[in-house]
Amino acid sequence: MAKESKKHPKQEGEEAAGVSRRAFLTGTGSVGAVVAAAAATGLAAPKAFGQGSATSNANRATDEPPVPTKVEAPKKTEYQCDVLILGGGFAGLNAAMGARKAGQSVVLVDKGRPGYSGLSSFPSSHRWYDPEFGDDAQALRDTVQRGAEYIVNMDWYQVWLDESKGAMQRLKEWKILEQFPNAVETGHAASNNYVGYREKFAEKDRRPRFVETMEKSGVQIVMRTMITDLIQEDGKIVGAIGFDVPSGAILTFRAKAVVMCMGGGSIKPTGFPTAGNTFDGEYMGYNLGLPIIGKEFDDFHMTVSYAAGNAFLTNSWEYLESLWLCGGDITSKNAIQSADQKGKILIQGRILKALNGLAANDGTAMSDLTKGDATRRGATVSTNPADPRVGKRNSPTPIEDVVGSAAGMCLHLTSGIFCGLDDLVGATGMPGLYVAGDGANASAVTGAAYPHGVGFTSNFCSVQGWRAGQAAAKYAAGAQLGAVSQEKLAELKKKIVAPMNVKTGLDPNWARDVLHSIMVPYWIHIVKTEASLKGALAQVEMLRDEVVPKLCAASPHDLRLCHEMKHKVLSAEMKLRAGLERKESRGFHYRSDFPFRDDKNFLGYIQLRKGKDGKMEMSKVEVKDAWKGDLGQEYTKRYGWRFPGEAKAKGLPEETAPPAGAQPWAQKG
């Protein structure tokens, strides 16, 4: 790595954002200090813990730990740097390291802890393209173009082909891909001894490596801080503002460039560790007037019907074991079959389960994944015996039977802020602002169906994060640190603490449960109709207009939930409106009232953005002709499987059985 030319970012000024240095010294920096500082600056003072809220201590269950009445605020509340990174997953890690390598000072802010928050703690696999082991680039392109149903961004996919091995090598250097025996091999799986296995390999855990790697490179990390707004001055992004969740202290960040790597989100955490992913970056981008795409394509991950909310049950060993290495399983002989088989099982199969119901599940069905290799993904094993990419190797887990582990989450790498068809660095079009990663940058590299094979997301986020970090560093090198007006800061601070000033309101936990009940039924996220989507939209609009303005908070933790609910409600509205607008079925979007692909009208993206009047506007963006495949090809050849009702609607013969010897795709993403 080249020698960095910048020192750590320095604190700027004595006055903290919302809480002064004097308040920290005399008031211990607790929420009480926030109250005093807000009053002193003319802002409405938020209530202290437990004062007049439905979530106050007096109303909590007696067996619940009490909310602390005073939490020490961080000593430092103002930061300045060249490049500010928001989010510390695979994209954020690579963005920060890319910007540091370019010689810029970097601050990274995470709502939790890098490596543990968002989805970065979950991935069980890592895939890259490696010509050294005989990978066929054209076969991979053919699989992706067909499997993503022709709205995939093939330019971004080519970037992945060119740079995925480099991303893997960086992660290997940072010891995030370090390999060690799985729980079956050590004997811990036989007795479900998770604690013993964790203790045996604690020093090899990849999650702490995120912070260790960045700190060694000189990245300053700010944890447990929720960013609520980007700061815009003179048409440029010059920083961000948020609050320290434990204490409520307001923090400000001035920067020459900002990279948002904040992930997507889900309506409510169930089968996947999605609690921290709440569409924060998407919300901020939308309110800046930036376009959003990909919202109609739903996440396809599975869970178990008898314990749908038990994340550890279905993912236990994946949190503990090393990332298994993937690739080498797509060849010229099986490229088209691989794309079609994944669509049949992961899309057609889940739709049929929703329509027909599930078999009774008593929880005893287990899958010993240590016996699997790349063939269980519907393809072939590399012929090179030295190839380390052997496919899934996790220890036994229950066989998942139902979609819904992350209700409300969009298809990996398709949704988020849209930077245009030609962008390959995450430049948003707003000077100083870049986006990278799953749910942040709507690169559409997965098109409509994520046909790439397991392990693609963690690698592509690394590729995209590095590119965005380097681009932001280049921009910052020629920019000046922008000024931030005190009027703008006062306005943003008031907005942050507003829920703590609601005297009579509604609990964000209740609101989240209501939203979940609206969005989780299979007729909303699997089998959609105009009637079902319009009904849900009417309910979400009620939440938007009647509930969100009344959300109240009695603590900084509640304050976080209030802001997150605003983001979730907006995301739900966008998802429903995009689903209504796409009057066809494609990939992970199935309309039973339009059960067919409509290439004439929908070979592109549904784009949503905030209009000048504040209302949501929609438009279509047609993809490049080169990505559309052979439009003259017979329909039954162009699309290798059928949605329920598609053959009848199109006057086509019913689908035949899969080819003899075809390997079924596993249902786990």
# chains A, B, ... in the order shown; residues from 1 in each chain; ligands from 1
>>> select_by_dssp(residues="region 64-261 of chain A", states="alpha helix (DSSP H)", output="PyMOL selection string")
chain A and resi 90-101+137-147+154-173+183-186+194-200+207-217
>>> residues_around(residues="Val211 (chain A)", least_positions_apart="5", cutoff="8 Å", atoms="only C-alpha atoms", output="ChimeraX atom specification")
/A:114-115,221
>>> closest_residue(among="A:Tyr286, A:Tyr129, A:Tyr79, A:Phe643", to="Ala440 (chain A)", atoms="only C-alpha atoms")
A:Tyr286
>>> residues_around(residues="region 525-529 of chain A", least_positions_apart="4", cutoff="7 Å", atoms="only C-alpha atoms", output="list in words")
Asp298, Ile351, Val520, Pro521, Leu533, Tyr590, Arg591, Ser592 and Asp593 of chain A
>>> residues_around(residues="region 538-547 of chain A", least_positions_apart="6", cutoff="12 Å", atoms="only C-alpha atoms", output="PyMOL selection string")
chain A and resi 499+504-519+531-532+562+565-577+616
>>> atom_distance(atom1="CA of Leu489 (chain A)", atom2="CA of Met226 (chain A)")
16.1 Å
>>> residues_around(residues="region 468-483 of chain A", least_positions_apart="6", cutoff="8 Å", atoms="only C-alpha atoms", output="VMD selection string")
chain A and resid 82 to 83 94 to 100 102 to 104 233 238 254 to 259 425 to 427 432 to 436
>>> write_last_selection(atoms="N, CA and C atoms", output="short mmCIF file (atom, residue, chain, number, x, y, z; two decimals), in the first residue's frame")
data_model
loop_
_atom_site.label_atom_id
_atom_site.label_comp_id
_atom_site.auth_asym_id
_atom_site.auth_seq_id
_atom_site.Cartn_x
_atom_site.Cartn_y
_atom_site.Cartn_z
N ASP A 82 -11.25 14.55 4.62
CA ASP A 82 -11.36 14.65 3.17
C ASP A 82 -12.53 13.82 2.65
N VAL A 83 -12.59 12.56 3.10
CA VAL A 83 -13.63 11.65 2.63
C VAL A 83 -14.35 11.05 3.83
N ASN A 94 -14.06 -1.28 2.00
CA ASN A 94 -13.26 -1.08 0.80
C ASN A 94 -13.22 0.37 0.36
N ALA A 95 -14.33 1.10 0.56
CA ALA A 95 -14.34 2.52 0.21
C ALA A 95 -13.35 3.28 1.08
N ALA A 96 -13.35 2.98 2.37
CA ALA A 96 -12.43 3.66 3.29
C ALA A 96 -10.98 3.35 2.94
N MET A 97 -10.70 2.09 2.68
CA MET A 97 -9.32 1.70 2.37
C MET A 97 -8.89 2.25 1.01
N GLY A 98 -9.81 2.30 0.05
CA GLY A 98 -9.49 2.87 -1.25
C GLY A 98 -9.17 4.35 -1.16
N ALA A 99 -9.95 5.08 -0.35
CA ALA A 99 -9.70 6.52 -0.18
C ALA A 99 -8.40 6.76 0.56
N ARG A 100 -8.09 5.92 1.55
CA ARG A 100 -6.83 6.07 2.29
C ARG A 100 -5.63 5.79 1.39
N ALA A 102 -5.43 6.37 -1.63
CA ALA A 102 -5.28 7.54 -2.50
C ALA A 102 -4.73 8.74 -1.75
N GLY A 103 -4.45 8.58 -0.45
CA GLY A 103 -3.79 9.64 0.31
C GLY A 103 -4.70 10.62 1.00
N GLN A 104 -5.99 10.31 1.11
CA GLN A 104 -6.92 11.24 1.73
C GLN A 104 -7.23 10.82 3.17
N GLU A 233 -24.71 22.43 0.82
CA GLU A 233 -24.52 23.88 0.71
C GLU A 233 -24.09 24.20 -0.72
N VAL A 238 -21.44 18.62 1.66
CA VAL A 238 -20.25 19.06 2.41
C VAL A 238 -20.14 18.37 3.77
N ARG A 254 -17.84 17.31 8.74
CA ARG A 254 -17.56 18.09 7.54
C ARG A 254 -16.59 17.31 6.68
N ALA A 255 -16.86 17.29 5.37
CA ALA A 255 -16.01 16.51 4.47
C ALA A 255 -16.05 17.11 3.08
N LYS A 256 -15.01 16.84 2.32
CA LYS A 256 -14.98 17.28 0.93
C LYS A 256 -15.80 16.35 0.04
N ALA A 257 -15.89 15.07 0.44
CA ALA A 257 -16.66 14.08 -0.32
C ALA A 257 -17.26 13.08 0.66
N VAL A 258 -18.41 12.54 0.29
CA VAL A 258 -19.11 11.57 1.12
C VAL A 258 -19.43 10.34 0.27
N VAL A 259 -19.19 9.15 0.84
CA VAL A 259 -19.57 7.90 0.18
C VAL A 259 -20.58 7.20 1.08
N VAL A 425 -18.58 4.34 -11.07
CA VAL A 425 -17.86 4.67 -9.84
C VAL A 425 -18.79 5.05 -8.70
N GLY A 426 -20.09 5.11 -8.94
CA GLY A 426 -21.03 5.49 -7.89
C GLY A 426 -21.22 6.98 -7.73
N ALA A 427 -20.95 7.76 -8.78
CA ALA A 427 -21.16 9.21 -8.72
C ALA A 427 -22.65 9.50 -8.89
N GLY A 432 -19.79 15.78 -4.85
CA GLY A 432 -19.31 15.38 -3.53
C GLY A 432 -19.99 14.15 -2.96
N LEU A 433 -20.97 13.57 -3.64
CA LEU A 433 -21.71 12.43 -3.09
C LEU A 433 -21.58 11.20 -3.99
N TYR A 434 -21.16 10.09 -3.38
CA TYR A 434 -21.00 8.81 -4.06
C TYR A 434 -21.76 7.74 -3.28
N VAL A 435 -22.12 6.66 -3.97
CA VAL A 435 -22.81 5.55 -3.31
C VAL A 435 -22.17 4.23 -3.74
N ALA A 436 -22.21 3.26 -2.84
CA ALA A 436 -21.65 1.95 -3.14
C ALA A 436 -22.32 0.90 -2.28
#
>>> closest_residue(among="A:Ser415, A:Ser555, A:Gln486, A:Thr213", to="Asn501 (chain A)", atoms="only C-alpha atoms")
A:Ser555
>>> closest_residue(among="A:Gly645, A:Pro246, A:Gly112, A:Gly328", to="Met223 (chain A)", atoms="only C-alpha atoms")
A:Gly112
>>> closest_residue(among="A:Ala626, A:Leu313, A:Val403, A:Tyr639", to="Arg597 (chain A)", atoms="only C-alpha atoms")
A:Tyr639
>>> closest_residue(among="A:Pro556, A:Pro74, A:Gly92, A:Gly416", to="Val463 (chain A)", atoms="only C-alpha atoms")
A:Gly92
>>> residues_around(residues="Asn315 (chain A)", least_positions_apart="3", cutoff="12 Å", atoms="only C-alpha atoms", output="MDAnalysis selection string")
chainID A and resid 121:124 194 270:273 301:304 308:312 318:321 394:400 405 668:669
>>> closest_residue(among="A:Ser585, A:Asn459, A:Ser105, A:Gln607", to="Ile347 (chain A)", atoms="only C-alpha atoms")
A:Ser585
>>> residues_around(residues="Ile496 (chain A)", least_positions_apart="2", cutoff="9 Å", atoms="only C-alpha atoms", output="list in words")
Thr228, Asp229, Gly242, Phe243, Ile250, Glu491, Leu492, Lys493, Lys494, Ala498, Pro499, Met500, Leu559 and His563 of chain A
>>> write_last_selection(atoms="N, CA and C atoms", output="PDB file, in the first residue's frame")
ATOM      1  N   THR A 228     -28.570  11.020  10.092  1.00  0.00           N
ATOM      2  CA  THR A 228     -29.953  11.298   9.701  1.00  0.00           C
ATOM      3  C   THR A 228     -30.066  12.176   8.460  1.00  0.00           C
ATOM      4  N   ASP A 229     -29.036  12.992   8.188  1.00  0.00           N
ATOM      5  CA  ASP A 229     -29.117  13.907   7.045  1.00  0.00           C
ATOM      6  C   ASP A 229     -27.735  14.171   6.478  1.00  0.00           C
ATOM      7  N   GLY A 242     -25.805  13.623  12.544  1.00  0.00           N
ATOM      8  CA  GLY A 242     -26.548  12.537  13.160  1.00  0.00           C
ATOM      9  C   GLY A 242     -26.399  12.607  14.664  1.00  0.00           C
ATOM     10  N   PHE A 243     -26.639  11.471  15.333  1.00  0.00           N
ATOM     11  CA  PHE A 243     -26.530  11.480  16.789  1.00  0.00           C
ATOM     12  C   PHE A 243     -25.965  10.169  17.309  1.00  0.00           C
ATOM     13  N   ILE A 250     -25.581  15.102  19.595  1.00  0.00           N
ATOM     14  CA  ILE A 250     -25.585  15.336  18.153  1.00  0.00           C
ATOM     15  C   ILE A 250     -24.154  15.493  17.658  1.00  0.00           C
ATOM     16  N   GLU A 491     -31.428  24.054  11.882  1.00  0.00           N
ATOM     17  CA  GLU A 491     -32.605  23.429  11.287  1.00  0.00           C
ATOM     18  C   GLU A 491     -32.514  21.907  11.360  1.00  0.00           C
ATOM     19  N   LEU A 492     -31.336  21.369  11.048  1.00  0.00           N
ATOM     20  CA  LEU A 492     -31.150  19.925  11.065  1.00  0.00           C
ATOM     21  C   LEU A 492     -31.193  19.360  12.476  1.00  0.00           C
ATOM     22  N   LYS A 493     -30.617  20.077  13.429  1.00  0.00           N
ATOM     23  CA  LYS A 493     -30.664  19.631  14.826  1.00  0.00           C
ATOM     24  C   LYS A 493     -32.100  19.564  15.326  1.00  0.00           C
ATOM     25  N   LYS A 494     -32.865  20.579  15.001  1.00  0.00           N
ATOM     26  CA  LYS A 494     -34.262  20.606  15.424  1.00  0.00           C
ATOM     27  C   LYS A 494     -35.024  19.422  14.838  1.00  0.00           C
ATOM     28  N   ALA A 498     -36.884  16.252  17.036  1.00  0.00           N
ATOM     29  CA  ALA A 498     -38.328  16.519  17.014  1.00  0.00           C
ATOM     30  C   ALA A 498     -39.155  15.433  17.696  1.00  0.00           C
ATOM     31  N   PRO A 499     -38.914  14.129  17.477  1.00  0.00           N
ATOM     32  CA  PRO A 499     -39.749  13.117  18.133  1.00  0.00           C
ATOM     33  C   PRO A 499     -39.673  13.146  19.652  1.00  0.00           C
ATOM     34  N   MET A 500     -38.611  13.719  20.223  1.00  0.00           N
ATOM     35  CA  MET A 500     -38.501  13.789  21.673  1.00  0.00           C
ATOM     36  C   MET A 500     -39.308  14.947  22.241  1.00  0.00           C
ATOM     37  N   LEU A 559     -35.468   7.383  19.759  1.00  0.00           N
ATOM     38  CA  LEU A 559     -35.277   8.387  18.718  1.00  0.00           C
ATOM     39  C   LEU A 559     -34.777   7.731  17.439  1.00  0.00           C
ATOM     40  N   HIS A 563     -36.746   7.667  13.629  1.00  0.00           N
ATOM     41  CA  HIS A 563     -36.175   8.012  12.322  1.00  0.00           C
ATOM     42  C   HIS A 563     -36.212   6.808  11.382  1.00  0.00           C
TER      43      HIS A 563
END
>>> select_by_dssp(residues="region 290-461 of chain A", states="strand (DSSP E or B)", output="list in words")
Ile292, Ile293, Asp298, Met302, Thr303, Trp324, Leu325, Cys326, Met366, Ser367, Thr397, Pro398, Val402, Val403, Cys410, Gly416, Ile417, Ala427, Leu433, Tyr434, Val435 and Asn441 of chain A
